[in-house]
Every structure is written in C-alpha cells, then in structure tokens.
Amino acid sequence: MSLLFGVALLVAWRQFGLKQHAMIWALSFMSSAIGHGLRIVGGLMPEQQYLTAMLACHASIGSFALLAWGFRLRAGRDNRGVAITWIVSTLFILVAWAFQLTEWRMFSRMATAIADAAFVGIIVYTLRGATGIALTVRRILTVYGLYISSVAIAAWLARVGGEIADASFIVVLSIGTPTGMIGTGILTLMIVAADLAKELKRQARHDYLTGVLNRRGFEEEVERRIALRHTPRGIVVVTDIDRFKTVNDRFGHAAGDTVIKRFADHIDSFAGVDHLAARMGGEEFALFLSRADMKDALKLVETIREGVPALFADCESDLPITASFGLAFINPGESFSSAYARADVALYQAKNTGRNRTMVADALAA
C-alpha cells in the first residue's frame, strides 16, 4: 500500500507539475515500502535477519524523515531539525549494529521509534494554526505520534529478560504501523489534491505571463471588495503601453513579453495591499484603487506613468516606451463594468491627444 501511495504521489508530481514536497512525500512512502519488504526478507532468510533488521530501521527513519521534510518544505520552513535528527539516529543504529552492542536490537528499535516520533512531532509543530484538511492531518498525526512513542516503550519492555516477549513487541508494532501509514498516505494525497485545486483556481484567476490578476480574477475581486464594503466606491484605472505593436513588430514577441512583464511588475508594485492590479488582455492593464479620492489617485497614477520610460532604458527603441491612463470613479449605484467602460473611454482620449498622459472620465463628462 505504501508503494502505491508513493507511485501515486510521484505520478501526480510529474503529471501536474506539483511542487517539490509532493516528490519528497512520494520518496517517503517508497522508503516505507522498502522497510516492509526488508522485514519480509528477514523472515524468509533468518541468516540475514540482523542485516535486514538494521536496514529496515533505516528505511523507517528515512520514511518519516522525508515525510517531515516534505511538510516543512510545503510550509516554507528550514529542515535543519529534520536533518540533525535523521543523521544522529542513523549514526546511532549503524554504530550499534557494526559493533554488535549488547541489546543492539532493542536499542535500534527504540532509536527508530523515538526518531519516527520526533519526525511526527516536527510535522505536528509545523502544522500549528492549520485549517481544513491540514488540521485533520495534524490531529491524526498527534495520535499517531503517541502510538509510535508506545512502540519505543514496548521495545524496552521486550529486551532480553524484559517484561514482555519479543512476539508481544511485534504485535504492538503491527497494530498501528500499517494503519497509520495508510491513513497518513490517504491524508497526504488529500493535501496534494487540495493544493492542486488551489493552484488551478489561482491559475484561473491570474495571468500566466505576468502573475497579476487576469480579467476574470480582477472583476471577481473588485465585486467582492465592493460587496464587503456595502458601498461601490473606488477608482478604476485603465492603462496600456503606447505603440506596443511597434515594439512587437520590430523586436519580436520575446521582447514584447519582457516589456509586458516589466510593466506589470511596475504597476503591481504600486498596488500594495489595498489596491488591485490586473492584465486585462494584450498590453492593456487595470488598477482598482480602493479608499482613494481622485486627487490622491491622480498623484499615484502620475508617479506610475512617469516611471515607465526608465523601466525600458536598456531597450533599443527610437522612441521611449510610455503608457497612457484613464481614470473613473465608481459612482453610487453604478456597476463596475460601467465605470470600467468610462475609464476606457478616458484612456483612448489620452491616446488620441498625444499618448503618455492621464485623463479622468468625470472631467471629460464635465
């Protein structure tokens, strides 16, 4: 079963372009499958039992280490704690096995369980404040970590001359380990599915070239903000790059894409948290300025406009690359689309009167 989870995660990572943590999780479950396979081989080949038992311990530690590594990577956290725990536990088991220390089997079992529980603890700590499926994973792994800790206690009790027989330890090990790994595998796949759905939703709302909102995402987000505030106030800014077709025709689409990206980054840098920036199509972009009066909006837009030529100082163009802007208030009772249309008219007025300038729709109407 662990092997199937590993293959499923690896296929999902390759086919859907998932982030690296999905591949790390795939390796985790494959390592778990290797550990189960080594235990079976040890039962079939008693003369190699010590070797396979040692390797199975490493496989178990590697599986949980990679699982924790993936969760830390997904959360954008460093993995120093995971790496240190992995190295120390691995070295301990290698030394115990190489020198055949007294009760090395018991010590290796305890070290493995303690390390596995530590990795689960790292995951639980990493998921603090989680919601949704990640919160469910955190709760289940908390219980699973407590079970793994009981395995360490059982390993001590099963030492030579201990309180329980070795067979009893095997029973304790077998009760929760497969169930825990299957449950973790299912939940991990659910996290990957949720992340994939989130990414697909993001892609549907963002422009693939620039990373800013696309038309759909922009309109949805503006409508959402207006609904939350219960008053349709704000300023719509429509802008596009002057003579962009000339840039494309003379320097090629690759250069055109570079111009588009730089311009998008430029206007997005002024959007901040309160405002929104979007690519509406081609070389046309838009801004939604919330909680702004026209005087402040004009000052901001003029700052943006005046900074455009400097973005392309390295471009070999006969004329400086500039942009034109049109602004419109969203008036009380007016729809966003109506205000956008008025801002668009203002933009084309700016184009028709010489480009590289800003026009206000309300001023035109007046």
# chains A, B, ... in the order shown; residues from 1 in each chain; ligands from 1
>>> select_by_dssp(residues="segment 208-259 of chain A", states="alpha helix (DSSP H)", output="PyMOL selection string")
chain A and resi 215-229+244-251+253-259
>>> closest_atom_pairs(of="segment 74-109 of chain A", to="segment 116-138 of chain A", cutoff="8 Å", atoms="only C-alpha atoms", output="Markdown table")
| residue | atom | partner | partner_atom | distance |
| --- | --- | --- | --- | --- |
| A:Ala75 | CA | A:Thr126 | CA | 7.3 |
| A:Val82 | CA | A:Phe119 | CA | 6.9 |
| A:Thr85 | CA | A:Ala118 | CA | 7.8 |
>>> write_last_selection(atoms="N, CA, C and O atoms", output="CSV table (one decimal), in the first residue's frame")
chain,number,residue,atom,x,y,z
A,75,ALA,N,5.6,24.2,3.9
A,75,ALA,CA,5.3,25.4,4.8
A,75,ALA,C,6.4,26.5,4.6
A,75,ALA,O,6.3,27.5,5.2
A,82,VAL,N,15.1,18.4,11.1
A,82,VAL,CA,14.9,17.1,10.4
A,82,VAL,C,16.2,16.5,10.1
A,82,VAL,O,16.5,15.3,10.4
A,85,THR,N,18.2,15.3,13.3
A,85,THR,CA,17.5,14.1,13.9
A,85,THR,C,17.8,12.9,13.0
A,85,THR,O,18.1,11.8,13.5
>>> select_by_dssp(residues="segment 216-248 of chain A", states="strand (DSSP E or B)", output="PyMOL selection string")
chain A and resi 235-241
>>> residues_around(residues="Arg205 of chain A", least_positions_apart="5", cutoff="8 Å", atoms="only C-alpha atoms", output="PyMOL selection string")
chain A and resi 213-218
>>> residues_around(residues="Tyr208 of chain A", least_positions_apart="3", cutoff="12 Å", atoms="only C-alpha atoms", output="list in words")
Leu200, Arg202, Gln203, Ala204, Arg205, Gly211, Val212, Leu213, Asn214, Arg215, Asp257, Ile260, Lys261, Ala264, Ala278, Arg279, Met280 and Gly281 of chain A
>>> closest_residue(among="A:Val273, A:Val259, A:Val11, A:Ile153", to="Leu311 of chain A", atoms="only C-alpha atoms")
A:Val259
>>> closest_residue(among="A:Thr90, A:Thr246, A:Gln349, A:Asn79", to="Ala59 of chain A", atoms="only C-alpha atoms")
A:Thr90
>>> residues_around(residues="segment 247-251 of chain A", least_positions_apart="5", cutoff="12 Å", atoms="only C-alpha atoms", output="list in words")
Ile241, Asp242, Gly256, Asp257, Thr258, Val259, Ile260, Gly282, Glu283, Phe312, Cys315, Glu316, Ser317, Asp318, Leu319, Pro320, Ile321 and Thr322 of chain A
>>> write_last_selection(atoms="all heavy atoms", output="short mmCIF file (atom, residue, chain, number, x, y, z; two decimals), in the first residue's frame")
data_model
loop_
_atom_site.label_atom_id
_atom_site.label_comp_id
_atom_site.auth_asym_id
_atom_site.auth_seq_id
_atom_site.Cartn_x
_atom_site.Cartn_y
_atom_site.Cartn_z
N ILE A 241 0.20 50.16 -22.88
CA ILE A 241 1.51 50.61 -23.32
C ILE A 241 1.38 51.26 -24.69
O ILE A 241 0.80 50.68 -25.61
CB ILE A 241 2.49 49.42 -23.37
CG1 ILE A 241 2.58 48.76 -21.98
CG2 ILE A 241 3.87 49.85 -23.84
CD1 ILE A 241 3.29 47.43 -21.96
N ASP A 242 1.93 52.44 -24.81
CA ASP A 242 1.86 53.17 -26.08
C ASP A 242 2.71 52.50 -27.15
O ASP A 242 3.83 52.06 -26.89
CB ASP A 242 2.34 54.61 -25.88
CG ASP A 242 1.45 55.38 -24.91
OD1 ASP A 242 0.24 55.11 -24.88
OD2 ASP A 242 1.98 56.26 -24.18
N GLY A 256 8.60 41.71 -26.63
CA GLY A 256 7.29 42.19 -26.22
C GLY A 256 6.86 41.63 -24.89
O GLY A 256 6.30 42.34 -24.04
N ASP A 257 7.13 40.35 -24.69
CA ASP A 257 6.79 39.72 -23.40
C ASP A 257 7.58 40.35 -22.26
O ASP A 257 7.05 40.53 -21.15
CB ASP A 257 7.08 38.21 -23.46
CG ASP A 257 6.05 37.45 -24.29
OD1 ASP A 257 5.01 38.05 -24.64
OD2 ASP A 257 6.29 36.27 -24.57
N THR A 258 8.84 40.66 -22.52
CA THR A 258 9.66 41.30 -21.49
C THR A 258 9.08 42.66 -21.11
O THR A 258 9.02 43.02 -19.92
CB THR A 258 11.11 41.48 -21.99
OG1 THR A 258 11.68 40.19 -22.27
CG2 THR A 258 11.96 42.20 -20.96
N VAL A 259 8.64 43.42 -22.11
CA VAL A 259 8.03 44.72 -21.84
C VAL A 259 6.76 44.55 -21.01
O VAL A 259 6.53 45.28 -20.03
CB VAL A 259 7.72 45.44 -23.17
CG1 VAL A 259 6.87 46.70 -22.92
CG2 VAL A 259 9.01 45.83 -23.90
N ILE A 260 5.94 43.57 -21.39
CA ILE A 260 4.69 43.31 -20.66
C ILE A 260 4.99 42.97 -19.19
O ILE A 260 4.35 43.48 -18.27
CB ILE A 260 3.92 42.16 -21.32
CG1 ILE A 260 3.35 42.59 -22.67
CG2 ILE A 260 2.80 41.66 -20.41
CD1 ILE A 260 2.21 43.57 -22.58
N GLY A 282 -3.64 41.43 -23.77
CA GLY A 282 -2.66 42.13 -24.58
C GLY A 282 -1.80 43.04 -23.74
O GLY A 282 -1.24 42.65 -22.71
N GLU A 283 -1.70 44.31 -24.18
CA GLU A 283 -0.90 45.29 -23.43
C GLU A 283 -1.77 46.17 -22.54
O GLU A 283 -1.30 47.18 -22.02
CB GLU A 283 -0.11 46.17 -24.41
CG GLU A 283 -0.94 47.13 -25.24
CD GLU A 283 -1.47 46.54 -26.53
OE1 GLU A 283 -1.62 45.30 -26.61
OE2 GLU A 283 -1.73 47.32 -27.45
N PHE A 312 12.54 50.83 -19.29
CA PHE A 312 12.98 50.29 -20.56
C PHE A 312 14.15 51.08 -21.14
O PHE A 312 14.32 51.19 -22.35
CB PHE A 312 11.81 50.28 -21.55
CG PHE A 312 10.56 49.65 -20.99
CD1 PHE A 312 9.49 50.43 -20.57
CD2 PHE A 312 10.48 48.28 -20.84
CE1 PHE A 312 8.35 49.86 -20.04
CE2 PHE A 312 9.34 47.69 -20.30
CZ PHE A 312 8.28 48.48 -19.90
N CYS A 315 16.25 49.28 -23.64
CA CYS A 315 15.63 48.82 -24.89
C CYS A 315 16.07 49.71 -26.06
O CYS A 315 16.10 50.95 -25.93
CB CYS A 315 14.11 48.84 -24.78
SG CYS A 315 13.46 47.66 -23.60
N GLU A 316 16.42 49.10 -27.17
CA GLU A 316 16.85 49.84 -28.35
C GLU A 316 15.62 50.29 -29.15
O GLU A 316 15.20 49.66 -30.11
CB GLU A 316 17.76 48.97 -29.21
CG GLU A 316 19.04 48.53 -28.50
CD GLU A 316 19.88 47.62 -29.37
OE1 GLU A 316 19.48 47.38 -30.53
OE2 GLU A 316 20.92 47.16 -28.89
N SER A 317 15.03 51.38 -28.74
CA SER A 317 13.83 51.87 -29.39
C SER A 317 14.03 53.32 -29.80
O SER A 317 14.70 54.09 -29.09
CB SER A 317 12.63 51.77 -28.43
OG SER A 317 11.47 52.28 -29.03
N ASP A 318 13.47 53.68 -30.96
CA ASP A 318 13.60 55.05 -31.45
C ASP A 318 12.90 56.03 -30.51
O ASP A 318 13.36 57.16 -30.31
CB ASP A 318 12.99 55.18 -32.85
CG ASP A 318 13.73 54.31 -33.85
OD1 ASP A 318 14.92 54.03 -33.62
OD2 ASP A 318 13.10 53.91 -34.86
N LEU A 319 11.77 55.59 -29.93
CA LEU A 319 11.00 56.43 -29.02
C LEU A 319 10.97 55.77 -27.65
O LEU A 319 10.99 54.54 -27.54
CB LEU A 319 9.57 56.61 -29.54
CG LEU A 319 9.42 57.37 -30.87
CD1 LEU A 319 7.98 57.27 -31.35
CD2 LEU A 319 9.85 58.82 -30.69
N PRO A 320 10.93 56.57 -26.59
CA PRO A 320 10.82 55.96 -25.25
C PRO A 320 9.51 55.20 -25.12
O PRO A 320 8.49 55.60 -25.69
CB PRO A 320 10.88 57.16 -24.31
CG PRO A 320 10.44 58.33 -25.14
CD PRO A 320 10.95 58.04 -26.53
N ILE A 321 9.54 54.10 -24.38
CA ILE A 321 8.32 53.32 -24.15
C ILE A 321 7.54 54.00 -23.03
O ILE A 321 8.06 54.22 -21.93
CB ILE A 321 8.65 51.87 -23.79
CG1 ILE A 321 9.35 51.20 -24.98
CG2 ILE A 321 7.38 51.11 -23.42
CD1 ILE A 321 9.81 49.78 -24.71
N THR A 322 6.30 54.34 -23.33
CA THR A 322 5.46 55.07 -22.37
C THR A 322 4.11 54.36 -22.24
O THR A 322 3.85 53.36 -22.90
CB THR A 322 5.24 56.51 -22.83
OG1 THR A 322 4.59 56.50 -24.12
CG2 THR A 322 6.56 57.26 -22.93
#
>>> residues_around(residues="Val360 of chain A", least_positions_apart="2", cutoff="10 Å", atoms="only C-alpha atoms", output="list in words")
Val237, Met294, Leu298, Phe325, Gly326, Leu327, Ala328, Phe329, Arg342, Ala343, Asp344, Val345, Ala346, Leu347, Gln349, Ala350, Thr358, Asp362, Ala363, Leu364 and Ala365 of chain A
>>> write_last_selection(atoms="N, CA, C and O atoms", output="CSV table (one decimal), in the first residue's frame")
chain,number,residue,atom,x,y,z
A,237,VAL,N,-8.8,52.4,-12.9
A,237,VAL,CA,-7.7,52.9,-13.8
A,237,VAL,C,-7.5,51.9,-14.9
A,237,VAL,O,-7.2,50.7,-14.6
A,294,MET,N,-9.9,61.3,-5.9
A,294,MET,CA,-9.3,61.5,-7.2
A,294,MET,C,-8.0,62.2,-7.1
A,294,MET,O,-7.1,61.9,-8.0
A,298,LEU,N,-4.8,60.5,-8.8
A,298,LEU,CA,-4.0,61.1,-9.9
A,298,LEU,C,-2.6,61.2,-9.6
A,298,LEU,O,-1.7,61.0,-10.4
A,325,PHE,N,-3.1,56.5,-19.5
A,325,PHE,CA,-4.0,56.1,-18.4
A,325,PHE,C,-5.3,56.8,-18.5
A,325,PHE,O,-5.4,58.0,-18.8
A,326,GLY,N,-6.4,56.1,-18.1
A,326,GLY,CA,-7.7,56.7,-18.0
A,326,GLY,C,-8.3,56.3,-16.6
A,326,GLY,O,-8.2,55.1,-16.2
A,327,LEU,N,-8.9,57.2,-15.9
A,327,LEU,CA,-9.5,57.0,-14.6
A,327,LEU,C,-11.0,57.3,-14.6
A,327,LEU,O,-11.5,58.2,-15.3
A,328,ALA,N,-11.7,56.6,-13.7
A,328,ALA,CA,-13.1,56.9,-13.5
A,328,ALA,C,-13.5,56.5,-12.1
A,328,ALA,O,-13.1,55.4,-11.6
A,329,PHE,N,-14.3,57.3,-11.4
A,329,PHE,CA,-14.9,56.9,-10.1
A,329,PHE,C,-16.0,55.8,-10.4
A,329,PHE,O,-16.6,55.8,-11.4
A,342,ARG,N,-16.2,53.7,-18.8
A,342,ARG,CA,-15.9,55.2,-18.8
A,342,ARG,C,-14.4,55.4,-18.7
A,342,ARG,O,-13.8,56.3,-19.3
A,343,ALA,N,-13.7,54.6,-17.8
A,343,ALA,CA,-12.3,54.7,-17.7
A,343,ALA,C,-11.6,54.4,-19.0
A,343,ALA,O,-10.6,55.0,-19.4
A,344,ASP,N,-12.1,53.4,-19.8
A,344,ASP,CA,-11.6,53.0,-21.0
A,344,ASP,C,-11.7,54.1,-22.1
A,344,ASP,O,-10.8,54.4,-22.9
A,345,VAL,N,-12.9,54.8,-22.0
A,345,VAL,CA,-13.0,56.0,-22.9
A,345,VAL,C,-12.0,57.1,-22.6
A,345,VAL,O,-11.4,57.7,-23.5
A,346,ALA,N,-11.8,57.3,-21.3
A,346,ALA,CA,-10.8,58.3,-20.9
A,346,ALA,C,-9.4,57.9,-21.4
A,346,ALA,O,-8.6,58.7,-21.8
A,347,LEU,N,-9.1,56.6,-21.3
A,347,LEU,CA,-7.8,56.1,-21.8
A,347,LEU,C,-7.6,56.4,-23.3
A,347,LEU,O,-6.6,56.9,-23.7
A,349,GLN,N,-9.1,58.7,-25.0
A,349,GLN,CA,-8.9,60.1,-25.1
A,349,GLN,C,-7.5,60.5,-24.9
A,349,GLN,O,-6.9,61.4,-25.6
A,350,ALA,N,-6.8,59.9,-23.9
A,350,ALA,CA,-5.4,60.2,-23.6
A,350,ALA,C,-4.6,59.7,-24.8
A,350,ALA,O,-3.6,60.4,-25.2
A,358,THR,N,-2.5,61.2,-18.7
A,358,THR,CA,-3.6,60.7,-17.9
A,358,THR,C,-4.9,61.5,-18.1
A,358,THR,O,-4.8,62.8,-18.1
A,362,ASP,N,-14.6,61.6,-15.4
A,362,ASP,CA,-15.5,62.6,-14.8
A,362,ASP,C,-15.2,64.0,-15.3
A,362,ASP,O,-16.1,64.8,-15.6
A,363,ALA,N,-13.9,64.3,-15.6
A,363,ALA,CA,-13.5,65.6,-16.1
A,363,ALA,C,-14.0,65.7,-17.5
A,363,ALA,O,-14.4,66.8,-18.0
A,364,LEU,N,-13.9,64.6,-18.3
A,364,LEU,CA,-14.4,64.6,-19.7
A,364,LEU,C,-15.9,64.9,-19.7
A,364,LEU,O,-16.4,65.7,-20.5
A,365,ALA,N,-16.6,64.2,-18.8
A,365,ALA,CA,-18.1,64.4,-18.8
A,365,ALA,C,-18.5,65.8,-18.4
A,365,ALA,O,-19.5,66.3,-18.9
>>> atom_distance(atom1="atom CA of Val308 of chain A", atom2="atom CA of Arg243 of chain A")
13.4 Å
>>> closest_residue(among="A:Val301, A:Ala152, A:Val7, A:Val222", to="Ile24 of chain A", atoms="only C-alpha atoms")
A:Val7
>>> atom_distance(atom1="atom CA of Glu163 of chain A", atom2="atom CA of Thr142 of chain A")
27.2 Å
>>> residues_around(residues="Glu306 of chain A", least_positions_apart="3", cutoff="10 Å", atoms="only C-alpha atoms", output="NGL selection string")
:A and (301-303 or 309-310 or 322-323 or 356-357)
